[in-house]
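Encoded as structure tokens, the structure appears first; notes follow it.
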Amino acid sequence: MRLLNLFKIAFKAIVLNKMRTLLTMLGIIIGVASVIAMLAIGEGPKESIRATISSMGSNMITVRPGSDVRGGVRQERSAMETLTLDDYYAIKEQASLLTYITPLVNGGGQVINGSNNWPSTIYGVNPDYLNIKITELQSGSMFTDAEVQSASKVTLIGQTVVDNVFPDGQEPVGQMIRFNNIPFKIIGVLEEKGENTFGQDQDDVVIAPYTTVQKRILAIDHLESIIASAISEDDAPEAVTQVSEILRKQHKLTENEEDDFHVRSMEELISTFSSTSEMLTILLVAIASISLLIGGIGIMNIMYVSVKERTKEIGLRMAVGGKGSDILMQFLIEAILISITGGVLGVILGLGATVFIEKFLNWPTSVALYSIVISFAVCAITGIFFGWYPARKASALDPLMALRYE
Amino acid sequence: MSKEIIKIEDLKREFVMGTETVHALRGISFGINEGEFVTIMGSSGSGKSTLLNILGCLDQPTDGTYEIDGLKVKDLSRNELATIRNEKIGFIFQSYNLLPRTSALENVELPLLYTSNVSTAERRERAIKALEMVGLGDRMDHTPSQLSGGQQQRVAIARSLVNNPVMILADEATGNLDSRTSYEIMSLFQDLNKQGITITFVTHESDIAAFSKRTIILKDGNIIQDHENNKVLSAAEQLAKLPKEDH
């Protein structure tokens, strides 16, 4: 009851001084709005990078041979022939956290169709490849395991290759093309993916069974890499460990020996890219926090002046029975009301600014719920913290002195 | 014999100013019974303001005892004093001390805001009743700036009544008013006193004292006179005697 009364008194004081209250709030409003807007600006690119990587298969795991030193010469990774089909089978059988897995060999070459030709890269894979890369087909179908077994000369091509070797708009499926003089039958066209975040054309690809590429094009029997997908993004780090252990056993490495391979998940890639924009976020938040602090000091300033200005009123309230604690609560509630109302207005302004930046400045934004919660909490704390000192001062006044104060 | 509300015995109040000790009250004793109308008089420096502050529980005596409504005030904490001010005493000040930009009704409600267990409805009801007692039933929504000095003081009187205190303590309550309005206010006080409300009125104007039943005169911290007033003047009659104002 008493607290409710104090609440009413504080509310009345705010309403009676609308303009002053609004000006006091301004610091808080700007502080909160900038925290929210700046976090949204900082989070935006992070989200878009994450989305790009996810579209490439965020739970993808890549196994590559490690570099090694041979006779004092550090060898290039591709020169290593340590990753074999046996490794692939071992992982496929033993790793429980993987859903799809394919060996991968690749080589550059010329795609030729009559007088049209185009330099591209051929990837030798198994049918799991499409699932790992999250790629659909525009037309045709994927080759089968049987075609992999028999090293069939069938291929699927990306849109960029289609555009360059079939410039007349012919239907490519069913046509014959040559890759470095080896004839292939086109059995499908991959969906268009465009460029990825790193500027790489994802449609400039030729896909064929890995057996075909190994035997007929590259003439090798080792693998360039193995790619797989973990059950989920969260399982990826665990899956990386699992694959590493299998390979260490497979390669008969003793405990003192370093891995002769690399297992990486996309998750690592994401965190590398995120850390840059995280720095940006931290910087922006630091700036925004300072403006929130200044807003708080503004509240303290006004409350302090308000206590001085209302000394006589405080004296009267004490004379008619207001206790020190009542006066303290009254001014504290007033400060908290100002800061929380400012916080609400700040959230609205911040969200508005975010929409504006997204719509008119074309900068990706992402409003994090936690930024609203945090800035709101900070507001309330600011109110209590900066309202405390003036309120304490008011409550400690001697009623007699306060009544006589002019 | 009616109940003794105020009991003061050998009350002393000293202020230490640097190396000097100022004796504002030098050991005074008196009592006030329920239903009395007492004026405390004295020139400035006589100690009447100090006495008023102690009576109003805004200040504590250095020595001696002060009892209000059976409660010993000495050694009470700040909060306990605030509760006594809230429940036992109704203050009226020379400069009204109303909250600006706040309606008369809300001004009167003020002391009840600091009282636990009074509902909003009851608070409103009591404030309306108090305003009607002082004849301002039709001005409840007016803010102090919309009221004359006399009306403002009436609001202050209503505020002092709203908590049903055992005693109303008025400090030069007519000091800021012209004589006509002063008489009106004194007449109101006399009416309230007739209804059984105990009033202690501190003033330096001797003509005001003539309206009270008893006068205590202070000088240099001592009571030099404490007498019953044999012929109490009626403020209403005095008001009637004043020359008619031109309208």
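Ligands are numbered from 1 in the order shown, residues from 1 within each chain, and chains are lettered A, B, ... in the order they appear in the structure tokens.
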Exercise. Got a sec: who's within 10 Å of Leu397 in chain A, counting only C-alpha atoms, leaving out chain neighbours fewer than 4 positions off, as a list of chain:residue names?
Worked result: A:Thr311, A:Ile314, A:Gly315, A:Met318, A:Gly324, A:Ile327, A:Arg392, A:Lys393, A:Met401, A:Ala402, A:Leu403
Exercise. If you count only C-alpha atoms, which residues fall within 8 Å of Val105 in chain A, apart from same-chain ones fewer than 4 positions away, as a list of chain:residue names?
Worked result: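 Result of the neighbour search: A:Tyr123, A:Gly124, A:Val125, A:Tyr210, A:Val213, A:Gln214, A:Leu223, A:Glu224, A:Ser225.
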Selection file, C-alpha atoms, as a short mmCIF file (atom, residue, chain, number, x, y, z; two decimals), in the first residue's frame:
```cif
data_model
loop_
_atom_site.label_atom_id
_atom_site.label_comp_id
_atom_site.auth_asym_id
_atom_site.auth_seq_id
_atom_site.Cartn_x
_atom_site.Cartn_y
_atom_site.Cartn_z
CA TYR A 123 35.57 -33.55 -59.35
CA GLY A 124 35.57 -37.26 -58.89
CA VAL A 125 33.10 -38.22 -56.18
CA TYR A 210 35.78 -40.80 -58.59
CA VAL A 213 38.52 -39.54 -62.68
CA GLN A 214 41.20 -41.56 -60.84
CA LEU A 223 42.68 -39.53 -52.87
CA GLU A 224 42.95 -35.74 -52.79
CA SER A 225 40.54 -35.52 -49.91
#
```
For this session: Have a look at B:Ile32, B:Ile40, B:Ala236, B:Leu161 and name the one nearest to chain A; count only C-alpha atoms.
Result: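 Answer, going by the shortest atom-to-atom distance: B:Leu161.
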For this session: Just need the residues of chain A within 8 Å of chain B, counting only C-alpha atoms, so spit them out as number ranges by chain.
Result: A: 1-2, 5-6, 16, 312-313, 316-324, 326, 399-400
Store the residues picked out above, limited to N, CA and C atoms, as a short mmCIF file (atom, residue, chain, number, x, y, z; two decimals), in the first residue's frame.
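Ended up saving to selection-v9.cif:
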```cif
data_model
loop_
_atom_site.label_atom_id
_atom_site.label_comp_id
_atom_site.auth_asym_id
_atom_site.auth_seq_id
_atom_site.Cartn_x
_atom_site.Cartn_y
_atom_site.Cartn_z
N MET A 1 0.84 -1.20 0.00
CA MET A 1 0.00 0.00 0.00
C MET A 1 0.87 1.24 0.00
N ARG A 2 1.78 1.28 0.97
CA ARG A 2 2.67 2.42 1.10
C ARG A 2 3.52 2.58 -0.15
N ASN A 5 1.64 4.01 -2.91
CA ASN A 5 1.49 5.46 -2.75
C ASN A 5 2.73 6.19 -3.22
N LEU A 6 3.91 5.65 -2.82
CA LEU A 6 5.18 6.28 -3.21
C LEU A 6 5.32 6.26 -4.72
N LEU A 16 4.34 16.02 -13.79
CA LEU A 16 4.33 17.47 -13.61
C LEU A 16 5.52 18.13 -14.30
N LYS A 312 12.18 22.04 0.18
CA LYS A 312 11.08 22.45 1.03
C LYS A 312 9.96 21.42 1.00
N GLU A 313 9.71 20.89 -0.20
CA GLU A 313 8.69 19.86 -0.34
C GLU A 313 9.07 18.63 0.49
N LEU A 316 8.36 19.29 4.06
CA LEU A 316 6.93 19.19 4.34
C LEU A 316 6.51 17.73 4.45
N ARG A 317 6.97 16.93 3.47
CA ARG A 317 6.61 15.50 3.48
C ARG A 317 7.07 14.85 4.77
N MET A 318 8.26 15.25 5.23
CA MET A 318 8.76 14.67 6.48
C MET A 318 7.94 15.17 7.67
N ALA A 319 7.54 16.47 7.64
CA ALA A 319 6.78 17.04 8.75
C ALA A 319 5.43 16.35 8.89
N VAL A 320 4.82 15.95 7.79
CA VAL A 320 3.51 15.30 7.90
C VAL A 320 3.64 13.80 8.05
N GLY A 321 4.86 13.31 8.25
CA GLY A 321 5.00 11.90 8.61
C GLY A 321 5.78 11.03 7.65
N GLY A 322 6.32 11.62 6.57
CA GLY A 322 7.14 10.83 5.66
C GLY A 322 8.44 10.45 6.32
N LYS A 323 8.77 9.16 6.29
CA LYS A 323 10.02 8.72 6.88
C LYS A 323 11.15 8.90 5.87
N GLY A 324 12.37 8.83 6.37
CA GLY A 324 13.53 8.92 5.48
C GLY A 324 13.44 7.89 4.37
N ASP A 326 10.80 6.58 3.10
CA ASP A 326 9.76 6.94 2.13
C ASP A 326 10.31 7.91 1.09
N PRO A 399 14.32 17.43 8.68
CA PRO A 399 13.04 18.04 8.30
C PRO A 399 12.97 19.53 8.65
N LEU A 400 13.55 19.89 9.80
CA LEU A 400 13.49 21.27 10.26
C LEU A 400 14.24 22.18 9.30
#
```
For this session: Show which residues sit within 10 Å of range 7-21 of chain B, as a ChimeraX atom specification. Count only C-alpha atoms, and ignore same-chain residues fewer than 4 positions away.
Result: /B:25-33,47,50-51,54-55,59-72,221-222
Got time to write the residues from that selection, N, CA and C atoms, as a PDB file, in the first residue's frame?
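Dumped everything to selection-v9.pdb:
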```pdb
ATOM      1  N   LEU B  25      15.820  27.148  25.669  1.00  0.00           N
ATOM      2  CA  LEU B  25      14.789  26.881  26.674  1.00  0.00           C
ATOM      3  C   LEU B  25      15.493  26.497  27.969  1.00  0.00           C
ATOM      4  N   ARG B  26      15.106  27.136  29.062  1.00  0.00           N
ATOM      5  CA  ARG B  26      15.858  26.945  30.303  1.00  0.00           C
ATOM      6  C   ARG B  26      15.094  26.151  31.350  1.00  0.00           C
ATOM      7  N   GLY B  27      14.389  25.131  30.952  1.00  0.00           N
ATOM      8  CA  GLY B  27      13.689  24.316  31.949  1.00  0.00           C
ATOM      9  C   GLY B  27      12.269  24.771  32.161  1.00  0.00           C
ATOM     10  N   ILE B  28      11.413  24.526  31.181  1.00  0.00           N
ATOM     11  CA  ILE B  28      10.024  24.961  31.316  1.00  0.00           C
ATOM     12  C   ILE B  28       9.127  23.760  31.533  1.00  0.00           C
ATOM     13  N   SER B  29       8.003  23.990  32.207  1.00  0.00           N
ATOM     14  CA  SER B  29       7.053  22.916  32.469  1.00  0.00           C
ATOM     15  C   SER B  29       5.644  23.421  32.255  1.00  0.00           C
ATOM     16  N   PHE B  30       4.851  22.671  31.554  1.00  0.00           N
ATOM     17  CA  PHE B  30       3.417  22.957  31.455  1.00  0.00           C
ATOM     18  C   PHE B  30       2.717  21.746  30.847  1.00  0.00           C
ATOM     19  N   GLY B  31       1.401  21.776  30.850  1.00  0.00           N
ATOM     20  CA  GLY B  31       0.649  20.692  30.228  1.00  0.00           C
ATOM     21  C   GLY B  31      -0.477  21.270  29.401  1.00  0.00           C
ATOM     22  N   ILE B  32      -0.934  20.525  28.433  1.00  0.00           N
ATOM     23  CA  ILE B  32      -2.081  20.966  27.638  1.00  0.00           C
ATOM     24  C   ILE B  32      -3.114  19.846  27.665  1.00  0.00           C
ATOM     25  N   ASN B  33      -4.347  20.212  28.004  1.00  0.00           N
ATOM     26  CA  ASN B  33      -5.408  19.208  28.070  1.00  0.00           C
ATOM     27  C   ASN B  33      -6.172  19.127  26.761  1.00  0.00           C
ATOM     28  N   GLY B  47      12.425  31.820  22.390  1.00  0.00           N
ATOM     29  CA  GLY B  47      12.459  30.365  22.471  1.00  0.00           C
ATOM     30  C   GLY B  47      11.186  29.717  21.998  1.00  0.00           C
ATOM     31  N   THR B  50      11.738  27.291  19.080  1.00  0.00           N
ATOM     32  CA  THR B  50      12.382  26.060  19.563  1.00  0.00           C
ATOM     33  C   THR B  50      11.353  25.164  20.232  1.00  0.00           C
ATOM     34  N   LEU B  51      10.490  25.775  21.038  1.00  0.00           N
ATOM     35  CA  LEU B  51       9.451  25.020  21.724  1.00  0.00           C
ATOM     36  C   LEU B  51       8.508  24.368  20.719  1.00  0.00           C
ATOM     37  N   ILE B  54      10.020  21.382  19.126  1.00  0.00           N
ATOM     38  CA  ILE B  54      10.027  20.214  20.013  1.00  0.00           C
ATOM     39  C   ILE B  54       8.619  19.642  20.137  1.00  0.00           C
ATOM     40  N   LEU B  55       7.640  20.546  20.290  1.00  0.00           N
ATOM     41  CA  LEU B  55       6.247  20.089  20.366  1.00  0.00           C
ATOM     42  C   LEU B  55       5.862  19.313  19.121  1.00  0.00           C
ATOM     43  N   ASP B  59      12.280  18.362  16.553  1.00  0.00           N
ATOM     44  CA  ASP B  59      13.522  18.581  17.283  1.00  0.00           C
ATOM     45  C   ASP B  59      13.400  17.851  18.627  1.00  0.00           C
ATOM     46  N   GLN B  60      14.535  17.529  19.218  1.00  0.00           N
ATOM     47  CA  GLN B  60      14.526  16.804  20.486  1.00  0.00           C
ATOM     48  C   GLN B  60      15.065  17.718  21.593  1.00  0.00           C
ATOM     49  N   PRO B  61      14.486  17.646  22.796  1.00  0.00           N
ATOM     50  CA  PRO B  61      15.013  18.472  23.889  1.00  0.00           C
ATOM     51  C   PRO B  61      16.378  17.956  24.360  1.00  0.00           C
ATOM     52  N   THR B  62      17.190  18.867  24.931  1.00  0.00           N
ATOM     53  CA  THR B  62      18.472  18.451  25.486  1.00  0.00           C
ATOM     54  C   THR B  62      18.243  17.722  26.807  1.00  0.00           C
ATOM     55  N   ASP B  63      17.255  18.223  27.545  1.00  0.00           N
ATOM     56  CA  ASP B  63      16.995  17.643  28.869  1.00  0.00           C
ATOM     57  C   ASP B  63      15.515  17.825  29.206  1.00  0.00           C
ATOM     58  N   GLY B  64      15.031  17.071  30.158  1.00  0.00           N
ATOM     59  CA  GLY B  64      13.638  17.174  30.548  1.00  0.00           C
ATOM     60  C   GLY B  64      12.786  16.201  29.767  1.00  0.00           C
ATOM     61  N   THR B  65      11.497  16.126  30.113  1.00  0.00           N
ATOM     62  CA  THR B  65      10.634  15.164  29.439  1.00  0.00           C
ATOM     63  C   THR B  65       9.535  15.850  28.647  1.00  0.00           C
ATOM     64  N   TYR B  66       9.180  15.203  27.552  1.00  0.00           N
ATOM     65  CA  TYR B  66       8.064  15.658  26.733  1.00  0.00           C
ATOM     66  C   TYR B  66       7.234  14.435  26.402  1.00  0.00           C
ATOM     67  N   GLU B  67       5.971  14.498  26.791  1.00  0.00           N
ATOM     68  CA  GLU B  67       5.071  13.390  26.485  1.00  0.00           C
ATOM     69  C   GLU B  67       3.937  13.895  25.639  1.00  0.00           C
ATOM     70  N   ILE B  68       3.618  13.181  24.573  1.00  0.00           N
ATOM     71  CA  ILE B  68       2.453  13.534  23.777  1.00  0.00           C
ATOM     72  C   ILE B  68       1.545  12.324  23.725  1.00  0.00           C
ATOM     73  N   ASP B  69       0.313  12.522  24.155  1.00  0.00           N
ATOM     74  CA  ASP B  69      -0.688  11.451  24.155  1.00  0.00           C
ATOM     75  C   ASP B  69      -0.141  10.203  24.856  1.00  0.00           C
ATOM     76  N   GLY B  70       0.585  10.442  25.934  1.00  0.00           N
ATOM     77  CA  GLY B  70       1.110   9.322  26.713  1.00  0.00           C
ATOM     78  C   GLY B  70       2.413   8.729  26.219  1.00  0.00           C
ATOM     79  N   LEU B  71       2.950   9.255  25.106  1.00  0.00           N
ATOM     80  CA  LEU B  71       4.195   8.724  24.556  1.00  0.00           C
ATOM     81  C   LEU B  71       5.366   9.625  24.928  1.00  0.00           C
ATOM     82  N   LYS B  72       6.424   9.018  25.491  1.00  0.00           N
ATOM     83  CA  LYS B  72       7.627   9.794  25.792  1.00  0.00           C
ATOM     84  C   LYS B  72       8.421   9.966  24.499  1.00  0.00           C
ATOM     85  N   GLY B 221      13.636  32.074  27.105  1.00  0.00           N
ATOM     86  CA  GLY B 221      13.680  30.649  27.417  1.00  0.00           C
ATOM     87  C   GLY B 221      12.942  30.253  28.678  1.00  0.00           C
ATOM     88  N   ASN B 222      12.236  31.193  29.271  1.00  0.00           N
ATOM     89  CA  ASN B 222      11.444  30.871  30.461  1.00  0.00           C
ATOM     90  C   ASN B 222       9.997  31.266  30.242  1.00  0.00           C
TER      91      ASN B 222
END
```
Exercise. Which residues, written as a VMD selection string, have at least one atom at most 10 Å from range 131-139 of chain B, with only C-alpha atoms counted and residues fewer than 4 positions away on the same chain left out?
Worked result: chain B and resid 103 to 105 108 126 to 127 143 146 to 147 151 to 159 161 to 162 185 188 to 189 191 to 192
